[in-house]
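Novice: Dropping in run-v5.txt, with compact mmCIF, C-alpha atoms.
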# COMPACT_ATOMS: atom_id res chain seq x y z
CA MET O 1 -84.22 39.00 62.30
CA SER O 2 -86.44 41.46 64.11
CA ASP O 3 -85.68 45.17 64.30
CA THR O 4 -85.43 44.87 68.09
CA SER O 5 -82.80 42.16 67.99
CA SER O 6 -80.85 44.04 65.32
CA GLU O 7 -80.81 47.15 67.49
CA GLU O 8 -79.69 45.13 70.50
CA GLN O 9 -76.87 43.53 68.53
CA LEU O 10 -75.77 46.94 67.27
CA LEU O 11 -75.69 48.28 70.82
CA GLU O 12 -73.72 45.23 71.99
CA PHE O 13 -71.23 45.79 69.17
CA LEU O 14 -70.83 49.47 69.99
CA TYR O 15 -70.32 48.69 73.68
CA ALA O 16 -67.78 45.91 73.09
CA CYS O 17 -65.91 47.49 70.17
CA PRO O 18 -62.25 48.06 71.22
CA VAL O 19 -62.10 51.24 69.12
CA GLY O 20 -63.80 54.53 69.95
CA LEU O 21 -66.69 55.24 67.55
CA ILE O 22 -68.31 58.68 67.19
CA GLU O 23 -71.09 59.82 64.89
CA CYS O 24 -71.61 63.57 64.51
CA ASP O 25 -72.90 66.20 62.11
CA ALA O 26 -70.77 68.45 59.91
CA GLY O 27 -70.43 70.95 62.76
CA GLY O 28 -69.10 68.27 65.12
CA GLN O 29 -72.24 67.88 67.26
CA ILE O 30 -72.14 64.30 68.54
CA ALA O 31 -75.20 62.08 68.04
CA LEU O 32 -73.69 58.73 69.07
CA MET O 33 -70.56 57.77 71.00
CA ASN O 34 -69.52 54.38 72.41
CA PRO O 35 -67.77 53.86 75.81
CA HIS O 36 -64.25 53.63 74.34
CA ALA O 37 -64.74 56.96 72.60
CA MET O 38 -65.88 58.51 75.87
CA GLN O 39 -62.73 57.25 77.62
CA HIS O 40 -60.56 58.99 75.04
CA LEU O 41 -62.59 62.12 74.33
CA LEU O 42 -63.74 63.29 77.76
CA PRO O 43 -60.21 63.78 79.20
CA LEU O 44 -59.25 65.74 76.06
CA ALA O 45 -62.26 68.04 76.26
CA GLY O 46 -61.43 69.53 79.65
CA PRO O 47 -63.66 72.60 80.16
CA ARG O 48 -64.72 72.58 76.50
CA ASP O 49 -67.96 71.06 75.18
CA PRO O 50 -67.61 67.24 75.28
CA GLY O 51 -70.74 66.96 73.14
CA ASN O 52 -68.98 68.45 70.13
CA LEU O 53 -66.13 66.48 68.54
CA PHE O 54 -64.27 69.52 67.22
CA ALA O 55 -64.61 71.48 70.46
CA ALA O 56 -63.40 68.49 72.51
CA LEU O 57 -60.32 68.12 70.26
CA GLU O 58 -59.63 71.87 69.97
CA GLN O 59 -56.84 71.90 72.57
CA HIS O 60 -54.91 68.94 71.18
CA ALA O 61 -55.91 68.61 67.51
CA PRO O 62 -57.50 71.85 66.24
CA GLU O 63 -56.61 70.82 62.70
CA ILE O 64 -59.37 68.16 62.67
CA ARG O 65 -62.01 70.88 62.32
CA SER O 66 -60.10 72.45 59.41
CA LEU O 67 -59.63 69.09 57.69
CA ALA O 68 -63.36 68.40 57.84
CA ALA O 69 -64.34 71.90 56.70
CA SER O 70 -61.98 71.86 53.72
CA TYR O 71 -63.01 68.39 52.48
CA GLY O 72 -64.94 68.91 49.24
CA PRO O 73 -66.42 65.53 48.14
CA ALA O 74 -69.92 64.54 49.30
CA THR O 75 -68.58 61.33 50.86
CA GLY O 76 -65.18 59.83 51.53
CA ARG O 77 -62.30 59.51 54.00
CA ILE O 78 -61.21 62.88 55.34
CA CYS O 79 -58.20 61.61 57.30
CA ASP O 80 -56.87 58.15 58.08
CA GLY O 81 -55.01 57.44 61.32
CA HIS O 82 -54.28 61.13 61.96
CA ARG O 83 -52.10 61.22 65.06
CA ILE O 84 -53.07 63.28 68.10
CA PHE O 85 -50.23 63.76 70.57
CA VAL O 86 -51.93 64.33 73.89
CA ASP O 87 -49.15 64.97 76.40
CA LEU O 88 -47.18 68.21 76.47
CA GLY O 89 -46.40 68.30 80.18
CA THR O 90 -45.16 64.71 80.67
CA ARG O 91 -41.51 65.03 81.69
CA ARG O 92 -40.86 61.59 83.15
CA ARG O 93 -38.49 59.87 80.77
CA THR O 94 -39.99 56.47 81.58
CA ALA O 95 -43.54 57.59 80.80
CA VAL O 96 -45.09 56.66 77.46
CA PRO O 97 -46.68 59.76 75.88
CA LYS O 98 -50.30 59.14 74.91
CA VAL O 99 -50.99 59.18 71.18
CA LEU O 100 -54.41 58.65 69.59
CA ALA O 101 -55.10 57.77 65.96
CA CYS O 102 -58.16 59.49 64.50
CA THR O 103 -59.90 58.44 61.30
CA LEU O 104 -62.67 60.71 60.05
CA VAL O 105 -65.09 59.64 57.30
CA LYS O 106 -67.75 61.74 55.61
CA LEU O 107 -70.89 59.63 55.20
CA GLY O 108 -73.09 62.37 53.80
CA PRO O 109 -73.53 66.15 53.55
CA ASP O 110 -74.20 66.45 57.29
CA ARG O 111 -72.97 63.16 58.71
CA LEU O 112 -69.46 62.23 59.89
CA MET O 113 -68.09 59.08 61.52
CA ALA O 114 -64.89 59.20 63.58
CA THR O 115 -62.79 56.50 65.21
CA LEU O 116 -60.28 56.99 68.03
CA ALA O 117 -57.68 54.39 68.96
CA ASP O 118 -54.80 54.48 71.45
CA ILE O 119 -51.56 53.83 69.54
CA SER O 120 -49.12 55.02 72.21
CA GLN O 121 -47.17 51.75 72.39
CA GLN O 122 -47.11 51.48 68.60
CA VAL O 123 -45.53 54.93 68.33
CA VAL O 124 -42.87 53.96 70.90
CA GLN O 125 -42.02 50.84 68.90
CA GLU O 126 -41.90 52.83 65.66
CA GLU O 127 -39.44 55.27 67.23
CA ARG O 128 -37.22 52.42 68.42
CA LEU O 129 -37.30 50.80 64.98
CA ARG O 130 -36.52 54.13 63.32
CA GLN O 131 -33.52 54.70 65.59
CA ALA O 132 -32.26 51.16 64.97
CA ASP O 133 -32.77 51.52 61.22
CA THR O 134 -30.85 54.82 61.13
CA TRP O 135 -28.03 53.41 63.23
CA PHE O 136 -27.52 50.26 61.14
CA ALA O 137 -27.91 52.17 57.88
CA THR O 138 -25.04 54.48 58.82
CA LEU O 139 -22.94 51.50 59.96
CA LEU O 140 -23.42 49.57 56.74
CA ASP O 141 -23.62 52.01 53.87
CA GLY O 142 -25.14 55.28 55.01
CA VAL O 143 -22.00 57.41 55.46
CA ASN O 144 -20.47 59.11 52.43
CA ASP O 145 -17.28 60.24 54.10
CA TYR O 146 -15.43 60.87 57.34
CA ALA O 147 -13.39 64.01 57.84
CA ALA O 148 -10.92 64.49 60.70
CA LEU O 149 -9.38 67.74 61.87
CA THR O 150 -7.91 69.34 64.97
CA ILE O 151 -8.84 72.75 66.32
CA THR O 152 -7.57 75.10 69.01
CA PRO O 153 -9.54 75.82 72.21
CA ASP O 154 -11.11 78.84 70.49
CA GLY O 155 -12.21 76.83 67.43
CA ARG O 156 -9.48 77.62 64.89
CA ILE O 157 -8.34 74.83 62.57
CA GLU O 158 -4.83 73.46 63.18
CA SER O 159 -4.92 70.53 60.75
CA ALA O 160 -7.34 68.78 58.39
CA ASP O 161 -7.18 65.58 56.36
CA PRO O 162 -7.98 65.22 52.62
CA CYS O 163 -11.45 63.90 53.48
CA PHE O 164 -12.28 67.34 54.87
CA THR O 165 -11.69 68.81 51.41
CA ARG O 166 -13.81 66.14 49.72
CA GLN O 167 -16.63 66.61 52.20
CA THR O 168 -16.75 70.40 52.50
CA GLY O 169 -15.09 71.64 49.32
CA HIS O 170 -12.53 73.70 51.29
CA ALA O 171 -8.83 73.08 50.50
CA CYS O 172 -6.90 72.04 53.60
CA ALA O 173 -4.15 74.61 53.02
CA ASP O 174 -6.73 77.40 52.83
CA VAL O 175 -8.51 76.63 56.09
CA LEU O 176 -5.58 76.50 58.51
CA GLY O 177 -6.02 79.16 61.19
CA ARG O 178 -9.64 79.86 60.22
CA ASP O 179 -12.65 79.50 62.53
CA LEU O 180 -14.48 76.22 61.91
CA THR O 181 -17.85 77.94 62.49
CA ASP O 182 -17.24 80.35 59.60
CA LEU O 183 -16.60 77.45 57.25
CA LEU O 184 -19.52 75.18 58.10
CA ASN O 185 -22.28 77.70 58.80
CA THR O 186 -24.18 75.33 61.10
CA ASP O 187 -27.95 75.82 61.03
CA ALA O 188 -28.81 77.16 64.50
CA THR O 189 -32.59 77.37 63.99
CA GLY O 190 -33.31 73.78 65.04
CA GLY O 191 -31.88 73.90 68.54
CA ASP O 192 -28.25 73.14 67.57
CA LEU O 193 -25.52 74.40 69.86
CA ARG O 194 -22.92 76.84 68.60
CA LEU O 195 -19.37 75.55 68.22
CA ASP O 196 -18.14 77.44 71.30
CA GLU O 197 -20.94 75.82 73.34
CA GLN O 198 -20.01 72.38 72.01
CA LEU O 199 -16.38 72.97 72.94
CA GLU O 200 -17.40 74.04 76.45
CA ILE O 201 -19.34 70.80 76.98
CA ALA O 202 -16.62 68.66 75.38
CA GLY O 203 -14.00 70.32 77.60
CA ARG O 204 -16.06 69.45 80.67
CA ASP O 205 -17.34 65.97 79.72
CA GLY O 206 -14.61 64.84 77.33
CA TRP O 207 -16.75 64.78 74.18
CA HIS O 208 -19.90 66.10 72.52
CA LEU O 209 -21.96 64.70 69.63
CA GLN O 210 -24.39 66.70 67.50
CA GLU O 211 -25.96 66.39 64.07
CA GLY O 212 -27.65 68.86 61.77
CA TRP O 213 -27.48 70.75 58.48
CA GLN O 214 -24.12 72.24 57.48
CA GLN O 215 -22.90 74.01 54.36
CA ARG O 216 -20.26 73.16 51.77
CA ALA O 217 -17.98 75.68 50.07
CA GLY O 218 -20.32 75.75 47.05
CA GLY O 219 -23.31 76.70 49.22
CA ASP O 220 -25.26 73.42 49.18
CA ARG O 221 -26.28 71.89 52.50
CA TYR O 222 -25.59 68.39 53.79
CA TRP O 223 -26.59 66.43 56.88
CA CYS O 224 -23.56 66.12 59.14
CA GLN O 225 -22.85 64.26 62.36
CA ARG O 226 -20.15 66.09 64.33
CA LEU O 227 -18.14 64.53 67.15
CA VAL O 228 -15.92 66.86 69.21
CA VAL O 229 -13.34 65.23 71.53
CA ALA O 230 -11.21 67.16 74.02
CA ARG O 231 -7.41 66.70 74.00
CA SER O 232 -5.15 67.49 76.95
CA GLU O 233 -1.40 67.44 77.45
CA GLY O 234 -0.08 65.11 80.17
CA LYS O 235 -1.94 65.45 83.47
CA ASP O 236 -3.42 68.82 82.59
CA THR O 237 -7.20 68.64 83.04
CA LEU O 238 -7.84 71.67 80.81
CA ALA O 239 -8.33 70.95 77.10
CA SER O 240 -5.35 72.04 75.03
CA GLY O 241 -7.32 71.51 71.84
CA PHE O 242 -10.00 69.38 70.23
CA SER O 243 -10.27 66.64 67.64
CA VAL O 244 -13.31 66.84 65.38
CA VAL O 245 -14.82 64.08 63.25
CA LEU O 246 -17.42 65.04 60.62
CA ARG O 247 -19.63 62.36 59.06
CA ASP O 248 -21.55 63.10 55.86
CA VAL O 249 -24.81 61.14 56.24
CA PRO O 250 -27.03 61.13 53.14
CA ARG O 251 -30.68 62.08 53.57
CA ARG O 252 -33.50 62.30 51.07
CA GLU O 253 -33.90 65.98 51.74
CA GLU O 254 -37.29 66.51 50.08
CA ALA O 255 -38.87 63.46 51.72
CA ALA O 256 -37.21 64.27 55.04
CA GLU O 257 -38.49 67.86 54.88
CA ASP O 258 -42.04 66.68 54.13
CA LEU O 259 -41.87 64.27 57.05
CA ARG O 260 -40.44 66.97 59.30
CA ARG O 261 -43.32 69.32 58.49
CA LEU O 262 -45.85 66.55 59.05
CA LEU O 263 -44.44 65.66 62.46
CA THR O 264 -43.56 69.11 63.74
CA CYS O 265 -45.98 71.64 62.24
CA ASP O 266 -49.56 72.60 62.97
CA HIS O 267 -51.76 71.68 59.99
CA LEU O 268 -53.60 75.01 59.81
CA THR O 269 -51.10 77.72 60.72
CA GLY O 270 -47.70 76.19 59.96
CA ALA O 271 -46.50 77.00 63.48
CA ALA O 272 -44.79 74.27 65.48
CA ASN O 273 -47.23 71.79 67.03
CA ARG O 274 -47.52 70.86 70.71
CA ARG O 275 -45.45 67.71 70.38
CA HIS O 276 -42.51 69.40 68.66
CA PHE O 277 -42.67 72.35 71.05
CA GLY O 278 -42.41 69.94 73.99
CA GLN O 279 -39.42 68.20 72.42
CA VAL O 280 -37.60 71.50 71.83
CA MET O 281 -38.34 72.55 75.42
CA ASP O 282 -36.70 69.35 76.67
CA LEU O 283 -33.67 69.99 74.44
CA GLU O 284 -33.30 73.61 75.54
CA GLN O 285 -33.71 72.60 79.19
CA ALA O 286 -30.72 70.25 78.75
CA HIS O 287 -28.74 73.11 77.16
CA TRP O 288 -29.73 75.38 80.06
CA ARG O 289 -28.44 72.84 82.56
CA ASP O 290 -25.16 72.56 80.67
CA LEU O 291 -24.54 76.24 79.96
CA ARG O 292 -26.85 78.20 82.31
CA GLN O 293 -27.81 80.63 79.58
CA SER O 294 -31.15 82.43 79.69
CA LEU O 295 -34.30 80.66 78.48
CA SER O 296 -37.67 82.43 78.37
CA LEU O 297 -41.21 81.38 77.52
CA ILE O 298 -44.09 83.54 76.27
CA VAL O 299 -47.61 82.12 76.16
CA LEU O 300 -50.43 84.05 74.55
CA ASP O 301 -54.15 83.56 74.17
CA LEU O 302 -56.40 85.49 71.79
CA ASP O 303 -59.05 87.49 73.62
CA HIS O 304 -62.73 86.57 73.10
CA PHE O 305 -61.79 84.39 70.13
CA LYS O 306 -64.85 82.15 70.53
CA SER O 307 -67.05 85.13 69.76
CA VAL O 308 -65.07 85.71 66.55
CA ASN O 309 -65.82 82.16 65.39
CA ASP O 310 -69.44 82.41 66.47
CA THR O 311 -70.00 85.80 64.81
CA TYR O 312 -67.93 85.59 61.62
CA GLY O 313 -67.49 81.84 61.16
CA HIS O 314 -64.54 79.47 61.55
CA PRO O 315 -63.00 80.28 58.12
CA VAL O 316 -62.46 83.88 59.23
CA GLY O 317 -61.16 82.62 62.59
CA ASP O 318 -58.74 80.34 60.77
CA ILE O 319 -57.40 83.26 58.72
CA LEU O 320 -56.85 85.22 61.93
CA LEU O 321 -54.94 82.31 63.48
CA CYS O 322 -52.70 82.12 60.41
CA ARG O 323 -52.07 85.87 60.49
CA VAL O 324 -51.19 85.74 64.19
CA THR O 325 -48.66 83.01 63.46
CA GLU O 326 -47.24 85.01 60.56
CA VAL O 327 -46.68 88.25 62.47
CA CYS O 328 -45.37 86.60 65.65
CA ALA O 329 -43.00 84.20 63.88
CA ALA O 330 -41.53 87.15 61.97
CA LEU O 331 -40.52 88.77 65.28
CA LEU O 332 -38.64 85.73 66.65
CA PRO O 333 -34.87 85.62 67.14
CA PRO O 334 -32.97 82.98 65.10
CA ARG O 335 -33.24 80.19 67.71
CA GLY O 336 -36.78 81.04 68.80
CA ILE O 337 -39.69 78.72 68.09
CA PHE O 338 -43.36 79.71 67.82
CA ALA O 339 -46.02 77.03 68.36
CA ARG O 340 -49.75 76.62 68.34
CA LEU O 341 -50.52 74.87 71.60
CA GLY O 342 -54.21 74.41 70.91
CA GLY O 343 -57.21 76.42 69.75
CA GLU O 344 -56.30 80.09 70.08
CA GLU O 345 -53.34 79.53 72.46
CA PHE O 346 -49.76 79.95 71.27
CA GLY O 347 -46.30 79.79 72.81
CA ALA O 348 -42.87 81.22 71.98
CA LEU O 349 -39.70 79.62 73.37
CA LEU O 350 -36.72 81.99 73.44
CA PRO O 351 -33.26 80.49 74.05
CA ARG O 352 -30.67 83.01 75.28
CA TYR O 353 -33.39 85.59 75.97
CA ASP O 354 -33.52 87.00 79.47
CA SER O 355 -36.64 88.37 81.16
CA ASN O 356 -36.28 91.93 79.83
CA GLN O 357 -35.75 90.76 76.25
CA ALA O 358 -38.79 88.46 76.49
CA ILE O 359 -40.98 91.28 77.83
CA ILE O 360 -39.95 93.58 74.98
CA LEU O 361 -40.69 90.86 72.42
CA ALA O 362 -44.05 90.07 74.05
CA GLU O 363 -45.05 93.73 73.77
CA GLU O 364 -44.06 93.71 70.10
CA MET O 365 -46.20 90.61 69.56
CA ARG O 366 -49.16 92.17 71.37
CA THR O 367 -48.92 95.32 69.22
CA ALA O 368 -48.53 93.33 65.99
CA ILE O 369 -51.56 91.13 66.78
CA ALA O 370 -53.73 94.16 67.59
CA ALA O 371 -52.83 95.63 64.17
CA ILE O 372 -54.11 92.58 62.25
CA GLU O 373 -57.26 93.19 60.23
CA VAL O 374 -59.12 90.50 58.30
CA GLU O 375 -61.94 91.25 55.88
CA SER O 376 -65.27 89.42 56.27
CA ALA O 377 -68.77 89.67 54.84
CA SER O 378 -69.71 91.73 57.90
CA GLY O 379 -66.73 94.06 57.72
CA PRO O 380 -63.15 94.08 59.06
CA VAL O 381 -62.32 91.78 61.97
CA THR O 382 -59.61 92.47 64.55
CA VAL O 383 -58.38 90.63 67.61
CA THR O 384 -56.20 91.25 70.66
CA ALA O 385 -54.11 88.95 72.82
CA SER O 386 -53.14 88.52 76.45
CA LEU O 387 -49.59 87.31 77.15
CA GLY O 388 -47.62 85.85 80.04
CA CYS O 389 -43.82 85.68 80.31
CA ALA O 390 -41.55 83.55 82.51
CA THR O 391 -37.93 82.35 82.58
CA LEU O 392 -36.55 78.90 83.36
CA GLU O 393 -34.41 80.42 86.08
CA GLU O 394 -37.54 81.68 87.85
CA ALA O 395 -38.95 78.15 87.56
CA GLU O 396 -35.76 76.70 89.09
CA GLY O 397 -35.01 74.66 85.98
CA SER O 398 -38.37 72.85 85.80
CA ILE O 399 -40.19 72.86 82.45
CA ASP O 400 -43.50 72.03 84.13
CA ALA O 401 -43.04 74.94 86.53
CA LEU O 402 -42.06 77.24 83.64
CA ILE O 403 -45.26 76.41 81.74
CA ALA O 404 -47.37 76.79 84.89
CA LEU O 405 -45.81 80.16 85.74
CA ALA O 406 -46.27 81.56 82.23
CA ASP O 407 -49.88 80.28 82.18
CA LYS O 408 -50.57 81.85 85.56
CA ARG O 409 -49.31 85.22 84.34
CA LEU O 410 -51.34 84.88 81.15
CA TYR O 411 -54.52 84.57 83.19
CA VAL O 412 -53.48 87.50 85.38
CA ALA O 413 -53.31 89.53 82.17
CA LYS O 414 -56.77 88.22 81.20
CA HIS O 415 -58.32 89.16 84.53
CA ALA O 416 -56.62 92.57 84.49
CA GLY O 417 -58.48 93.61 81.32
CA ARG O 418 -56.85 91.66 78.44
CA ASN O 419 -54.68 92.99 75.60
CA GLN O 420 -51.63 93.26 77.85
CA VAL O 421 -48.46 91.48 78.97
CA CYS O 422 -47.91 90.10 82.46
CA HIS O 423 -44.35 89.20 83.47
CA SER O 424 -44.40 89.27 87.28
CA GLN O 425 -46.94 89.69 90.05
CA GLY O 426 -48.39 92.64 88.20
CA CYS O 427 -49.12 93.38 84.55
CA ALA O 428 -47.49 95.82 82.18
CA ALA O 429 -50.13 97.33 79.95
What is this file in structure tokens?

Specialist:
Amino acid sequence: MSDTSSEEQLLEFLYACPVGLIECDAGGQIALMNPHAMQHLLPLAGPRDPGNLFAALEQHAPEIRSLAASYGPATGRICDGHRIFVDLGTRRRTAVPKVLACTLVKLGPDRLMATLADISQQVVQEERLRQADTWFATLLDGVNDYAALTITPDGRIESADPCFTRQTGHACADVLGRDLTDLLNTDATGGDLRLDEQLEIAGRDGWHLQEGWQQRAGGDRYWCQRLVVARSEGKDTLASGFSVVLRDVPRREEAAEDLRRLLTCDHLTGAANRRHFGQVMDLEQAHWRDLRQSLSLIVLDLDHFKSVNDTYGHPVGDILLCRVTEVCAALLPPRGIFARLGGEEFGALLPRYDSNQAIILAEEMRTAIAAIEVESASGPVTVTASLGCATLEEAEGSIDALIALADKRLYVAKHAGRNQVCHSQGCAA
């Protein structure tokens, strides 16, 4: 076979291959890319360099660069089927979020091969199978115990069955008249509603179902599904009390925690990832509609961060990103969530925080970021941030409008000189 025909066959294969193929150097500079790869990569790149794999993926999968840089062997598979969740702003419930699978292989000291494949429908099917598996598992043999009790409208226990003692470790006679919240210590960091909020919804809708970590008398945690049902006397529409059913559902905590981190956390910084941040925003939007409590969003972008990477190298930039996450996450309230939205852009979602509280917190974040100092071969490196704040009330209940408003104010802060917070038409330095 002649060299010419071999080259033609290779080009035909690359053109017809149903998977995106990309060849690049260790820095991500693309040498070869087939049409399917272009279809996937160009929309992701946006204003960034589409000729560099890592730059094109920076907004949606910044961890790919870190995975490649930290891979030690001369050759081998760096990642296999790494999932890139593309859509943050898709709010239509019928829409299928786009998910790409990326496999990255090191072929030599300065040669990488990447594949990109659309697995959106596969992920939808996996989610449906997971939900079905969980449901049937709890129906058949996945529930350790049921506990039933009744509580007053303000959450105090009126009666409890023996299963409540077996499940929680609290003797029935000792809990009468006590607040159920004090006994169970529900974990409120994952978006769970407080008991009084659950009772408010159950009183309005008739019932409310929630699951999450709770605590036994001995201090150990267990995964609990809690159903609250309103009771009323005669024709009275107001709840005279509530019945509560607690289900102890076993979980492999270590495996579940590993999976949770994989699905919800940014690989480099440990902050929440875009996908998880979007899911929590949807959940908090539903809570806002039910309870009309404050919900604020802060978005921040590190100033001139590209020059940091260009001058001091990506390892120093990565350390700065981790330090930013560390100092900002430490300032969050209990229900707050801090996420890396892509590259050097971060977001903080603040349930029950009004505009003034969000502005104060944003200023604290700005000050804390400006105080970060990272050592490098060329001396200490510092960075500043520009921040934008908005509330869901200002956005009239729309998550898309909330993100757009906070982004708009972020760029007002950028144009006004950077290293400041913008929360309205003007900026507060």

Novice: Calculated over only C-alpha atoms, which of the candidates O:Glu363, O:Asp161, O:Asp266, O:Glu233 has the smallest distance to O:Cys322?

Specialist: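 So, comparing all the options, the nearest one is O:Asp266.
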
Novice: Compile the contact shell of O:Ile372 as a PyMOL selection string: residues with an atom at most 12 Å away, counting all atoms listed in the file, same-chain residues fewer than 6 positions apart removed.

Specialist: chain O and resi 319-328+365-366+380-385

Novice: Next, the residues of the selection above should be written as a PDB file, keeping the file's coordinate frame with C-alpha atoms.

Specialist:
ATOM      1  CA  ILE O 319     -57.400  83.260  58.720  1.00  0.00           C
ATOM      2  CA  LEU O 320     -56.850  85.220  61.930  1.00  0.00           C
ATOM      3  CA  LEU O 321     -54.940  82.310  63.480  1.00  0.00           C
ATOM      4  CA  CYS O 322     -52.700  82.120  60.410  1.00  0.00           C
ATOM      5  CA  ARG O 323     -52.070  85.870  60.490  1.00  0.00           C
ATOM      6  CA  VAL O 324     -51.190  85.740  64.190  1.00  0.00           C
ATOM      7  CA  THR O 325     -48.660  83.010  63.460  1.00  0.00           C
ATOM      8  CA  GLU O 326     -47.240  85.010  60.560  1.00  0.00           C
ATOM      9  CA  VAL O 327     -46.680  88.250  62.470  1.00  0.00           C
ATOM     10  CA  CYS O 328     -45.370  86.600  65.650  1.00  0.00           C
ATOM     11  CA  MET O 365     -46.200  90.610  69.560  1.00  0.00           C
ATOM     12  CA  ARG O 366     -49.160  92.170  71.370  1.00  0.00           C
ATOM     13  CA  PRO O 380     -63.150  94.080  59.060  1.00  0.00           C
ATOM     14  CA  VAL O 381     -62.320  91.780  61.970  1.00  0.00           C
ATOM     15  CA  THR O 382     -59.610  92.470  64.550  1.00  0.00           C
ATOM     16  CA  VAL O 383     -58.380  90.630  67.610  1.00  0.00           C
ATOM     17  CA  THR O 384     -56.200  91.250  70.660  1.00  0.00           C
ATOM     18  CA  ALA O 385     -54.110  88.950  72.820  1.00  0.00           C
TER      19      ALA O 385
END

Novice: List every protein, DNA or RNA residue with an atom no more than 9 Å from (-55.1, 88.3, 80.9) in the file's coordinates, counting all atoms listed in the file, and format the result as a list in words.

Specialist: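 Collected hits near the coordinates: Leu300, Asp301, Asp303, Ala385, Ser386, Leu387, Gly388, Arg409, Leu410, Tyr411, Val412, Ala413, Lys414, His415, Ala416, Gly417, Arg418, Asn419, Gln420, Val421, Cys422 and Cys427 of chain O.
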
Novice: Can you tell me which residues surround O:Gly397 at a distance of at most 8 Å, considering only C-alpha atoms, apart from same-chain residues fewer than 6 positions away, and format the answer as a VMD selection string?

Specialist: chain O and resid 285 288 to 289

Novice: Print the selection's residues with C-alpha atoms to a file, as a PDB file, in the coordinates of the input.

Specialist:
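Final output, out_3.pdb:
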ATOM      1  CA  GLN O 285     -33.710  72.600  79.190  1.00  0.00           C
ATOM      2  CA  TRP O 288     -29.730  75.380  80.060  1.00  0.00           C
ATOM      3  CA  ARG O 289     -28.440  72.840  82.560  1.00  0.00           C
TER       4      ARG O 289
END

Novice: Once you count all atoms listed in the file, which residues end up no further than 8 Å from (-63.3, 67.1, 75.2) in the file's frame, shown as a list in words?

Specialist: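 Residues found, by chain and rising number: Leu41, Leu42, Pro43, Leu44, Ala45, Gly46, Pro47, Arg48, Asp49, Pro50, Gly51, Asn52, Leu53, Ala55, Ala56, Leu57 and Glu58 of chain O.
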
Novice: Next, write the just-selected residues to a file, as a PDB file, keeping the file's coordinate frame, keeping C-alpha atoms as the atom set.

Specialist:
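In the end it all went to selection-v9.pdb:
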ATOM      1  CA  LEU O  41     -62.590  62.120  74.330  1.00  0.00           C
ATOM      2  CA  LEU O  42     -63.740  63.290  77.760  1.00  0.00           C
ATOM      3  CA  PRO O  43     -60.210  63.780  79.200  1.00  0.00           C
ATOM      4  CA  LEU O  44     -59.250  65.740  76.060  1.00  0.00           C
ATOM      5  CA  ALA O  45     -62.260  68.040  76.260  1.00  0.00           C
ATOM      6  CA  GLY O  46     -61.430  69.530  79.650  1.00  0.00           C
ATOM      7  CA  PRO O  47     -63.660  72.600  80.160  1.00  0.00           C
ATOM      8  CA  ARG O  48     -64.720  72.580  76.500  1.00  0.00           C
ATOM      9  CA  ASP O  49     -67.960  71.060  75.180  1.00  0.00           C
ATOM     10  CA  PRO O  50     -67.610  67.240  75.280  1.00  0.00           C
ATOM     11  CA  GLY O  51     -70.740  66.960  73.140  1.00  0.00           C
ATOM     12  CA  ASN O  52     -68.980  68.450  70.130  1.00  0.00           C
ATOM     13  CA  LEU O  53     -66.130  66.480  68.540  1.00  0.00           C
ATOM     14  CA  ALA O  55     -64.610  71.480  70.460  1.00  0.00           C
ATOM     15  CA  ALA O  56     -63.400  68.490  72.510  1.00  0.00           C
ATOM     16  CA  LEU O  57     -60.320  68.120  70.260  1.00  0.00           C
ATOM     17  CA  GLU O  58     -59.630  71.870  69.970  1.00  0.00           C
TER      18      GLU O  58
END

Novice: I need the residue nearest O:Met113 from this list: O:Arg77, O:Arg340, O:Arg231, O:Lys98. Use only C-alpha atoms for the distance.

Specialist: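 Distance minimum relative to O:Met113 lands on O:Arg77.
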
Novice: Can you work out which one of O:Ala148, O:Leu291, O:Met281, O:Val228 has the shortest atom-to-atom distance to O:Ser398, counting all atoms listed in the file?

Specialist: O:Met281

Novice: Just give me the gap between atom CA of O:Arg166 and atom CA of O:Ala239 in Å, one decimal is fine.

Specialist: 28.3 Å

Novice: Any chance you could export stretch 153-159 of chain O with N, CA and C atoms, as a JSON list (two decimals), in the first residue's frame?

Specialist:
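For reference, out12.json as written:
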[["chain", "number", "residue", "atom", "x", "y", "z"],
["O", 153, "PRO", "N", -47.81, 21.51, 66.42],
["O", 153, "PRO", "CA", -47.52, 22.45, 65.33],
["O", 153, "PRO", "C", -46.17, 23.15, 65.46],
["O", 154, "ASP", "N", -45.63, 23.24, 66.67],
["O", 154, "ASP", "CA", -44.31, 23.88, 66.83],
["O", 154, "ASP", "C", -43.17, 22.86, 66.91],
["O", 155, "GLY", "N", -43.45, 21.58, 66.61],
["O", 155, "GLY", "CA", -42.39, 20.59, 66.49],
["O", 155, "GLY", "C", -42.06, 19.80, 67.74],
["O", 156, "ARG", "N", -42.90, 19.88, 68.79],
["O", 156, "ARG", "CA", -42.62, 19.14, 70.02],
["O", 156, "ARG", "C", -43.31, 17.78, 69.98],
["O", 157, "ILE", "N", -42.59, 16.78, 70.49],
["O", 157, "ILE", "CA", -43.04, 15.39, 70.37],
["O", 157, "ILE", "C", -44.18, 15.12, 71.35],
["O", 158, "GLU", "N", -45.29, 14.59, 70.82],
["O", 158, "GLU", "CA", -46.44, 14.19, 71.65],
["O", 158, "GLU", "C", -46.41, 12.70, 71.95],
["O", 159, "SER", "N", -46.02, 11.89, 70.96],
["O", 159, "SER", "CA", -45.95, 10.44, 71.16],
["O", 159, "SER", "C", -44.92, 9.86, 70.21]]
